[in-house]
>>> print(open('final10.cif').read())   # mmCIF, C-alpha atoms
data_my_file
#
loop_
_atom_site.label_atom_id
_atom_site.label_comp_id
_atom_site.auth_asym_id
_atom_site.auth_seq_id
_atom_site.Cartn_x
_atom_site.Cartn_y
_atom_site.Cartn_z
CA MET O 5 0.00 0.00 0.00
CA GLU O 6 2.86 2.41 0.78
CA LEU O 7 4.41 1.76 -2.64
CA ARG O 8 1.06 2.30 -4.39
CA GLN O 9 0.61 5.63 -2.57
CA ALA O 10 4.15 6.67 -3.46
CA LEU O 11 3.58 5.85 -7.15
CA ASP O 12 0.31 7.78 -7.08
CA GLU O 13 2.05 10.83 -5.61
CA ILE O 14 4.82 10.60 -8.23
CA GLN O 15 2.27 10.49 -11.05
CA LYS O 16 0.28 13.43 -9.68
CA SER O 17 3.46 15.47 -9.17
CA ALA O 18 4.62 14.76 -12.73
CA LEU O 19 1.26 15.82 -14.20
CA ALA O 20 1.18 18.96 -12.03
CA ALA O 21 4.70 19.89 -13.17
CA VAL O 22 3.58 20.03 -16.83
CA ASP O 23 0.10 21.51 -16.28
CA PRO O 24 -0.27 24.35 -18.85
CA HIS O 25 -2.47 26.53 -16.61
CA ARG O 26 -0.08 26.30 -13.70
CA ALA O 27 2.97 26.82 -15.93
CA VAL O 28 1.62 30.20 -17.11
CA LEU O 29 0.58 31.26 -13.61
CA ASN O 30 4.08 30.44 -12.34
CA LEU O 31 5.62 32.73 -14.96
CA LEU O 32 3.13 35.57 -15.43
CA HIS O 33 2.46 38.17 -12.72
CA ARG O 34 0.67 41.51 -12.71
CA GLU O 35 2.01 44.28 -10.51
CA GLN O 36 -0.39 47.24 -10.67
CA ASP O 37 0.05 48.65 -14.18
CA HIS O 38 2.94 46.37 -15.19
CA LEU O 39 3.18 42.78 -16.38
CA ASN O 40 6.09 40.86 -14.89
CA ILE O 41 7.48 37.90 -16.83
CA ASP O 42 10.58 36.22 -15.46
CA GLY O 43 11.94 39.48 -14.05
CA HIS O 44 11.08 41.60 -17.09
CA HIS O 45 8.49 44.36 -16.71
CA TYR O 46 6.08 45.51 -19.43
CA PRO O 47 3.77 48.54 -19.02
CA LEU O 48 0.03 47.87 -19.33
CA SER O 49 -1.54 51.30 -18.87
CA ASP O 50 -2.82 53.31 -21.84
CA ARG O 51 -2.36 50.46 -24.33
CA PRO O 52 -4.67 47.73 -25.60
CA VAL O 53 -3.67 44.20 -24.59
CA ILE O 54 -4.75 41.42 -26.97
CA LEU O 55 -4.41 37.65 -26.60
CA ALA O 56 -3.86 35.18 -29.43
CA GLY O 57 -3.03 31.50 -29.18
CA VAL O 58 -2.84 28.12 -30.82
CA GLY O 59 -2.20 24.54 -29.74
CA LYS O 60 -3.69 21.67 -27.79
CA ALA O 61 -3.03 23.52 -24.50
CA ALA O 62 -4.16 26.96 -25.69
CA VAL O 63 -7.35 27.02 -23.57
CA PRO O 64 -5.77 26.43 -20.13
CA MET O 65 -2.96 28.82 -21.06
CA ALA O 66 -5.54 31.44 -22.08
CA GLN O 67 -7.48 30.87 -18.86
CA ALA O 68 -4.33 31.64 -16.87
CA VAL O 69 -3.68 34.80 -18.91
CA GLU O 70 -7.25 35.99 -18.33
CA SER O 71 -6.99 35.41 -14.58
CA VAL O 72 -3.72 37.38 -14.37
CA LEU O 73 -4.65 40.30 -16.63
CA GLY O 74 -8.31 40.67 -15.64
CA ASP O 75 -9.90 43.84 -17.02
CA GLN O 76 -6.62 44.85 -18.66
CA LEU O 77 -7.18 42.24 -21.38
CA VAL O 78 -9.34 43.68 -24.16
CA LYS O 79 -10.11 40.48 -26.09
CA GLY O 80 -8.57 37.26 -27.32
CA MET O 81 -8.82 34.36 -29.76
CA VAL O 82 -7.28 30.89 -29.65
CA ILE O 83 -7.43 27.75 -31.80
CA VAL O 84 -7.52 24.28 -30.23
CA LYS O 85 -7.98 20.66 -31.20
CA TYR O 86 -11.55 19.38 -31.36
CA GLY O 87 -12.89 18.56 -27.92
CA HIS O 88 -10.53 20.91 -26.07
CA VAL O 89 -12.98 23.82 -25.83
CA ALA O 90 -13.83 25.54 -22.55
CA SER O 91 -15.66 28.72 -21.61
CA LEU O 92 -13.48 31.82 -21.43
CA GLN O 93 -14.45 35.33 -20.38
CA LYS O 94 -12.91 37.44 -23.14
CA THR O 95 -11.41 34.91 -25.50
CA ILE O 96 -13.08 33.30 -28.51
CA VAL O 97 -12.21 29.61 -28.91
CA LEU O 98 -12.06 28.09 -32.41
CA GLU O 99 -11.48 24.43 -33.30
CA GLY O 100 -9.58 22.45 -35.90
CA ALA O 101 -8.26 18.95 -36.58
CA HIS O 102 -5.02 17.44 -35.31
CA PRO O 103 -2.60 15.87 -36.27
CA GLU O 104 -3.79 16.27 -39.86
CA PRO O 105 -5.40 19.65 -40.59
CA ASP O 106 -8.90 20.20 -41.99
CA GLN O 107 -10.87 22.99 -43.66
CA ALA O 108 -12.31 24.13 -40.33
CA GLY O 109 -8.78 24.60 -39.00
CA CYS O 110 -7.83 26.56 -42.11
CA LYS O 111 -10.82 28.88 -41.68
CA ALA O 112 -10.04 29.24 -37.96
CA ALA O 113 -6.45 30.21 -38.74
CA GLN O 114 -7.62 32.79 -41.28
CA LYS O 115 -9.97 34.24 -38.64
CA LEU O 116 -7.10 34.41 -36.15
CA LEU O 117 -4.88 36.30 -38.60
CA ALA O 118 -7.70 38.74 -39.38
CA PHE O 119 -8.37 39.16 -35.64
CA VAL O 120 -4.73 40.00 -34.97
CA GLU O 121 -4.44 42.36 -37.92
CA ASP O 122 -7.70 44.20 -37.11
CA ASN O 123 -7.06 44.71 -33.39
CA LEU O 124 -3.41 45.76 -33.22
CA ASN O 125 -1.43 48.96 -33.66
CA PRO O 126 2.14 49.97 -32.79
CA GLU O 127 1.08 50.95 -29.25
CA ALA O 128 -0.62 47.61 -28.52
CA LEU O 129 0.69 44.59 -26.63
CA LEU O 130 0.00 41.16 -28.12
CA LEU O 131 0.37 38.23 -25.75
CA VAL O 132 0.69 34.97 -27.70
CA VAL O 133 0.34 31.49 -26.16
CA ILE O 134 1.63 28.57 -28.21
CA SER O 135 1.76 24.86 -27.46
CA GLY O 136 2.19 21.57 -29.27
CA GLY O 137 -0.24 20.87 -32.10
CA GLY O 138 0.00 24.41 -33.41
CA SER O 139 1.37 23.32 -36.78
CA ALA O 140 -1.78 21.38 -37.68
CA LEU O 141 -4.01 24.14 -36.29
CA LEU O 142 -2.48 26.92 -38.43
CA PRO O 143 -2.88 25.36 -41.89
CA VAL O 144 -3.19 28.49 -44.06
CA PRO O 145 -1.22 27.72 -47.25
CA VAL O 146 0.64 30.15 -49.47
CA GLU O 147 -1.52 31.49 -52.28
CA GLU O 148 0.19 29.32 -54.91
CA ILE O 149 -1.24 26.07 -53.52
CA THR O 150 -4.62 24.95 -52.21
CA PHE O 151 -5.42 23.78 -48.70
CA GLU O 152 -6.03 20.25 -49.95
CA GLU O 153 -2.63 20.16 -51.67
CA LYS O 154 -0.95 21.30 -48.45
CA ARG O 155 -2.91 18.69 -46.49
CA GLN O 156 -1.80 15.95 -48.90
CA THR O 157 1.81 17.07 -48.46
CA THR O 158 1.54 17.00 -44.67
CA SER O 159 -0.01 13.52 -44.81
CA LEU O 160 2.85 12.25 -46.98
CA LEU O 161 5.41 13.61 -44.54
CA LEU O 162 3.64 12.13 -41.51
CA GLN O 163 3.60 8.72 -43.21
CA SER O 164 7.30 8.92 -44.07
CA GLU O 165 10.25 8.58 -41.70
CA ALA O 166 10.75 12.35 -41.63
CA THR O 167 11.55 13.89 -38.25
CA ILE O 168 9.32 16.59 -36.76
CA GLN O 169 12.02 19.13 -37.64
CA GLU O 170 11.97 18.01 -41.29
CA ILE O 171 8.18 18.00 -41.43
CA ASN O 172 8.02 21.51 -39.98
CA THR O 173 10.66 22.76 -42.43
CA LEU O 174 8.27 22.04 -45.29
CA ARG O 175 5.23 23.22 -43.33
CA LYS O 176 6.88 26.60 -42.75
CA HIS O 177 7.74 27.12 -46.40
CA LEU O 178 4.19 26.29 -47.53
CA SER O 179 2.49 28.53 -44.96
CA GLN O 180 1.33 32.13 -44.60
CA VAL O 181 1.70 31.88 -40.81
CA LYS O 182 4.50 29.55 -39.77
CA GLY O 183 8.23 30.23 -39.78
CA GLY O 184 7.85 33.74 -38.34
CA ARG O 185 5.24 34.87 -40.88
CA MET O 186 2.61 35.63 -38.25
CA LEU O 187 4.63 38.81 -37.68
CA ASP O 188 3.38 40.09 -41.04
CA TYR O 189 -0.03 40.62 -39.39
CA THR O 190 0.92 42.25 -36.07
CA GLN O 191 1.00 45.89 -37.24
CA GLY O 192 4.21 46.71 -35.37
CA ALA O 193 2.75 45.84 -31.95
CA GLN O 194 4.97 44.55 -29.15
CA LEU O 195 4.78 40.76 -28.81
CA LEU O 196 5.23 38.60 -25.74
CA VAL O 197 5.17 34.92 -26.61
CA LEU O 198 4.76 32.08 -24.10
CA LEU O 199 5.65 28.70 -25.58
CA LEU O 200 4.92 25.35 -23.99
CA SER O 201 7.44 22.98 -25.56
CA ASP O 202 6.72 19.43 -26.68
CA VAL O 203 9.93 19.31 -28.71
CA VAL O 204 13.13 17.67 -27.50
CA GLY O 205 15.69 20.47 -27.14
CA ASP O 206 12.99 23.19 -26.98
CA ASP O 207 13.86 24.71 -30.37
CA LEU O 208 11.57 27.76 -30.66
CA ALA O 209 11.56 27.56 -34.46
CA THR O 210 10.17 24.00 -34.27
CA ILE O 211 7.42 24.38 -31.64
CA ALA O 212 4.19 24.75 -33.67
CA SER O 213 6.51 25.49 -36.64
CA GLY O 214 7.56 28.78 -35.04
CA PRO O 215 4.85 31.27 -36.14
CA THR O 216 6.56 34.09 -34.20
CA SER O 217 10.15 32.84 -34.33
CA PRO O 218 12.86 33.42 -36.96
CA ASP O 219 13.29 30.43 -39.25
CA PRO O 220 16.82 29.18 -39.95
CA THR O 221 15.59 26.61 -42.51
CA THR O 222 15.53 27.21 -46.26
CA PHE O 223 13.82 26.20 -49.49
CA GLN O 224 16.98 24.30 -50.42
CA GLN O 225 16.59 22.19 -47.28
CA CYS O 226 13.00 21.45 -48.31
CA ALA O 227 14.31 20.05 -51.61
CA GLN O 228 16.85 17.91 -49.75
CA ILE O 229 14.16 16.50 -47.42
CA ILE O 230 11.92 15.61 -50.34
CA ARG O 231 14.74 13.75 -52.07
CA LYS O 232 15.87 12.05 -48.85
CA HIS O 233 12.44 10.53 -48.19
CA GLU O 234 11.70 9.87 -51.89
CA ILE O 235 8.31 11.58 -51.96
CA GLU O 236 8.88 13.96 -54.89
CA GLU O 237 6.75 11.96 -57.33
CA GLN O 238 3.89 11.74 -54.83
CA LEU O 239 3.75 15.47 -54.10
CA PRO O 240 1.04 17.60 -55.77
CA GLU O 241 2.45 19.30 -58.88
CA SER O 242 1.82 22.82 -57.55
CA VAL O 243 3.70 22.05 -54.30
CA ARG O 244 6.65 20.58 -56.18
CA ARG O 245 6.73 23.58 -58.54
CA TYR O 246 6.50 26.12 -55.70
CA LEU O 247 9.26 24.54 -53.58
CA SER O 248 11.49 24.11 -56.62
CA ALA O 249 11.08 27.79 -57.53
CA GLY O 250 12.00 28.77 -53.98
CA ALA O 251 15.09 26.57 -53.95
CA GLU O 252 16.22 28.13 -57.23
CA ASN O 253 15.45 31.74 -56.12
CA ARG O 254 12.77 32.11 -58.79
CA GLY O 255 10.03 33.96 -56.94
CA PRO O 256 8.88 32.68 -53.54
CA VAL O 257 10.23 34.77 -50.67
CA GLU O 258 12.15 33.03 -47.90
CA THR O 259 10.81 32.88 -44.36
CA PRO O 260 12.14 35.56 -41.93
CA LYS O 261 15.67 34.69 -40.79
CA PRO O 262 17.29 35.56 -37.41
CA ASP O 263 18.64 38.87 -38.77
CA ASP O 264 15.25 39.95 -40.22
CA PRO O 265 13.96 43.30 -38.78
CA ARG O 266 10.64 41.67 -37.90
#
>>> encode(input="final10.cif", output="structure tokens")
Amino acid sequence: MELRQALDEIQKSALAAVDPHRAVLNLLHREQDHLNIDGHHYPLSDRPVILAGVGKAAVPMAQAVESVLGDQLVKGMVIVKYGHVASLQKTIVLEGAHPEPDQAGCKAAQKLLAFVEDNLNPEALLLVVISGGGSALLPVPVEEITFEEKRQTTSLLLQSEATIQEINTLRKHLSQVKGGRMLDYTQGAQLLVLLLSDVVGDDLATIASGPTSPDPTTFQQCAQIIRKHEIEEQLPESVRRYLSAGAENRGPVETPKPDDPR
């Protein structure tokens, strides 16, 4: 009985240590008109504060943000996996499929981008919460390919022996959001991003395919991954043509790199 109790306590402690709600509360603190994050202070007065988020843990993370910010938070929007919805005070919750994206997730991601773009200005503060699953829940493709063609490409990669880093390299280069491209919609606002890592090594550019992080990967690496896993002939023609053009510097613009002003 003592051993059973000890094992039960170990399990509960392990789950508590990775609880998304508690993780945010442990990091985020409000001190009058300032937000304190790990010893850094950010002014809250006379500026709109907006919340955006994506991932399987986005709801509990958003709940923690709402409880800390209170009336200071103007509004928010997050995207979660089906069945992970909960009632929030100021935050709209949208749903999509995971691990393979669907049309509902694509529409949700488009709504999130429009929400961010419409509610921000250079004086605003955008608090972003990101967790695992964000790649599948932000499936807005570049204009040159369709959602279905991007979905087919993701499915091929998931069925191959490609690593999550390799899969996300292609995801980022076929996306309007991933690989730092969410910054194209933030209107110069200040961003604070809280990431809950499910990636070994905690690479920020890999978690949810790094929508707010600089992307060190390239179109040329995409071409190498396709050849390595021998999926070139199975890829949709438009995807193959778009990635090839990017690798040969014939049009598509690279994702933001670490030295990019954004």
>>> closest_residue(input="final10.cif", among="O:Gly138, O:Gly57, O:Gly43, O:Pro64", to="O:Val28", atoms="only C-alpha atoms")
O:Pro64
>>> atom_distance(input="final10.cif", atom1="atom CA of O:Arg245", atom2="atom CA of O:Lys176")
16.1 Å
>>> resolve_selection(input="final10.cif", expression="the PyMOL selection byres ((chain O and resi 146-151) around 10)", output="PyMOL selection string")
chain O and resi 105-107+110+143-145+152-157+176-181+240-246+256
>>> resolve_selection(input="final10.cif", expression="the PyMOL selection byres ((chain O and resi 83-99) around 12)", output="tab-separated table (two decimals) with C-alpha atoms, in the coordinates of the input")
chain	number	residue	atom	x	y	z
O	53	VAL	CA	-3.67	44.20	-24.59
O	54	ILE	CA	-4.75	41.42	-26.97
O	55	LEU	CA	-4.41	37.65	-26.60
O	56	ALA	CA	-3.86	35.18	-29.43
O	57	GLY	CA	-3.03	31.50	-29.18
O	58	VAL	CA	-2.84	28.12	-30.82
O	59	GLY	CA	-2.20	24.54	-29.74
O	60	LYS	CA	-3.69	21.67	-27.79
O	61	ALA	CA	-3.03	23.52	-24.50
O	62	ALA	CA	-4.16	26.96	-25.69
O	63	VAL	CA	-7.35	27.02	-23.57
O	64	PRO	CA	-5.77	26.43	-20.13
O	65	MET	CA	-2.96	28.82	-21.06
O	66	ALA	CA	-5.54	31.44	-22.08
O	67	GLN	CA	-7.48	30.87	-18.86
O	68	ALA	CA	-4.33	31.64	-16.87
O	69	VAL	CA	-3.68	34.80	-18.91
O	70	GLU	CA	-7.25	35.99	-18.33
O	71	SER	CA	-6.99	35.41	-14.58
O	73	LEU	CA	-4.65	40.30	-16.63
O	74	GLY	CA	-8.31	40.67	-15.64
O	75	ASP	CA	-9.90	43.84	-17.02
O	76	GLN	CA	-6.62	44.85	-18.66
O	77	LEU	CA	-7.18	42.24	-21.38
O	78	VAL	CA	-9.34	43.68	-24.16
O	79	LYS	CA	-10.11	40.48	-26.09
O	80	GLY	CA	-8.57	37.26	-27.32
O	81	MET	CA	-8.82	34.36	-29.76
O	82	VAL	CA	-7.28	30.89	-29.65
O	100	GLY	CA	-9.58	22.45	-35.90
O	101	ALA	CA	-8.26	18.95	-36.58
O	102	HIS	CA	-5.02	17.44	-35.31
O	103	PRO	CA	-2.60	15.87	-36.27
O	104	GLU	CA	-3.79	16.27	-39.86
O	105	PRO	CA	-5.40	19.65	-40.59
O	106	ASP	CA	-8.90	20.20	-41.99
O	107	GLN	CA	-10.87	22.99	-43.66
O	108	ALA	CA	-12.31	24.13	-40.33
O	109	GLY	CA	-8.78	24.60	-39.00
O	110	CYS	CA	-7.83	26.56	-42.11
O	111	LYS	CA	-10.82	28.88	-41.68
O	112	ALA	CA	-10.04	29.24	-37.96
O	113	ALA	CA	-6.45	30.21	-38.74
O	114	GLN	CA	-7.62	32.79	-41.28
O	115	LYS	CA	-9.97	34.24	-38.64
O	116	LEU	CA	-7.10	34.41	-36.15
O	117	LEU	CA	-4.88	36.30	-38.60
O	119	PHE	CA	-8.37	39.16	-35.64
O	132	VAL	CA	0.69	34.97	-27.70
O	133	VAL	CA	0.34	31.49	-26.16
O	134	ILE	CA	1.63	28.57	-28.21
O	135	SER	CA	1.76	24.86	-27.46
O	136	GLY	CA	2.19	21.57	-29.27
O	137	GLY	CA	-0.24	20.87	-32.10
O	138	GLY	CA	0.00	24.41	-33.41
O	139	SER	CA	1.37	23.32	-36.78
O	140	ALA	CA	-1.78	21.38	-37.68
O	141	LEU	CA	-4.01	24.14	-36.29
O	142	LEU	CA	-2.48	26.92	-38.43
O	143	PRO	CA	-2.88	25.36	-41.89
>>> residues_around(input="final10.cif", residues="O:Pro126", least_positions_apart="5", cutoff="8 Å", atoms="only C-alpha atoms", output="list in words")
Gln191, Gly192, Ala193 and Gln194 of chain O
>>> resolve_selection(input="final10.cif", expression="the PyMOL selection byres ((chain O and resi 250-252) around 9)", output="ChimeraX atom specification")
/O:177,222-227,245-249,253-258
>>> residues_around(input="final10.cif", residues="O:Asp263", least_positions_apart="6", cutoff="12 Å", atoms="all atoms listed in the file", output="CSV table (one decimal) with C-alpha atoms, in the frame of the given file")
chain,number,residue,atom,x,y,z
O,184,GLY,CA,7.8,33.7,-38.3
O,217,SER,CA,10.2,32.8,-34.3
O,218,PRO,CA,12.9,33.4,-37.0
O,219,ASP,CA,13.3,30.4,-39.2
O,220,PRO,CA,16.8,29.2,-40.0
>>> axis_aligned_box(input="final10.cif", around="stretch 72-82 of chain O", padding_each_side="8 Å", output="JSON")
{"center_x": -6.9, "center_y": 37.9, "center_z": -22.1, "size_x": 22.4, "size_y": 30.0, "size_z": 31.4}
>>> residues_around(input="final10.cif", residues="O:Leu39", least_positions_apart="6", cutoff="10 Å", atoms="only C-alpha atoms", output="list in words")
Leu32, His33, His45, Tyr46, Pro47, Leu48, Val72 and Leu73 of chain O
>>> closest_residue(input="final10.cif", among="O:Glu13, O:Asp50, O:Glu6, O:Glu165", to="O:Ile230", atoms="only C-alpha atoms")
O:Glu165
>>> atom_distance(input="final10.cif", atom1="atom CA of O:Leu130", atom2="atom CA of O:Thr210")
20.9 Å
>>> atom_distance(input="final10.cif", atom1="atom CA of O:Ala128", atom2="atom CA of O:Pro52")
5.0 Å
>>> closest_residue(input="final10.cif", among="O:Leu131, O:Ile168, O:Pro24, O:Lys16", to="O:Val203", atoms="all atoms listed in the file")
O:Ile168
>>> closest_residue(input="final10.cif", among="O:Arg231, O:Asp23, O:Arg51, O:Asp42", to="O:Ser201", atoms="all atoms listed in the file")
O:Asp23
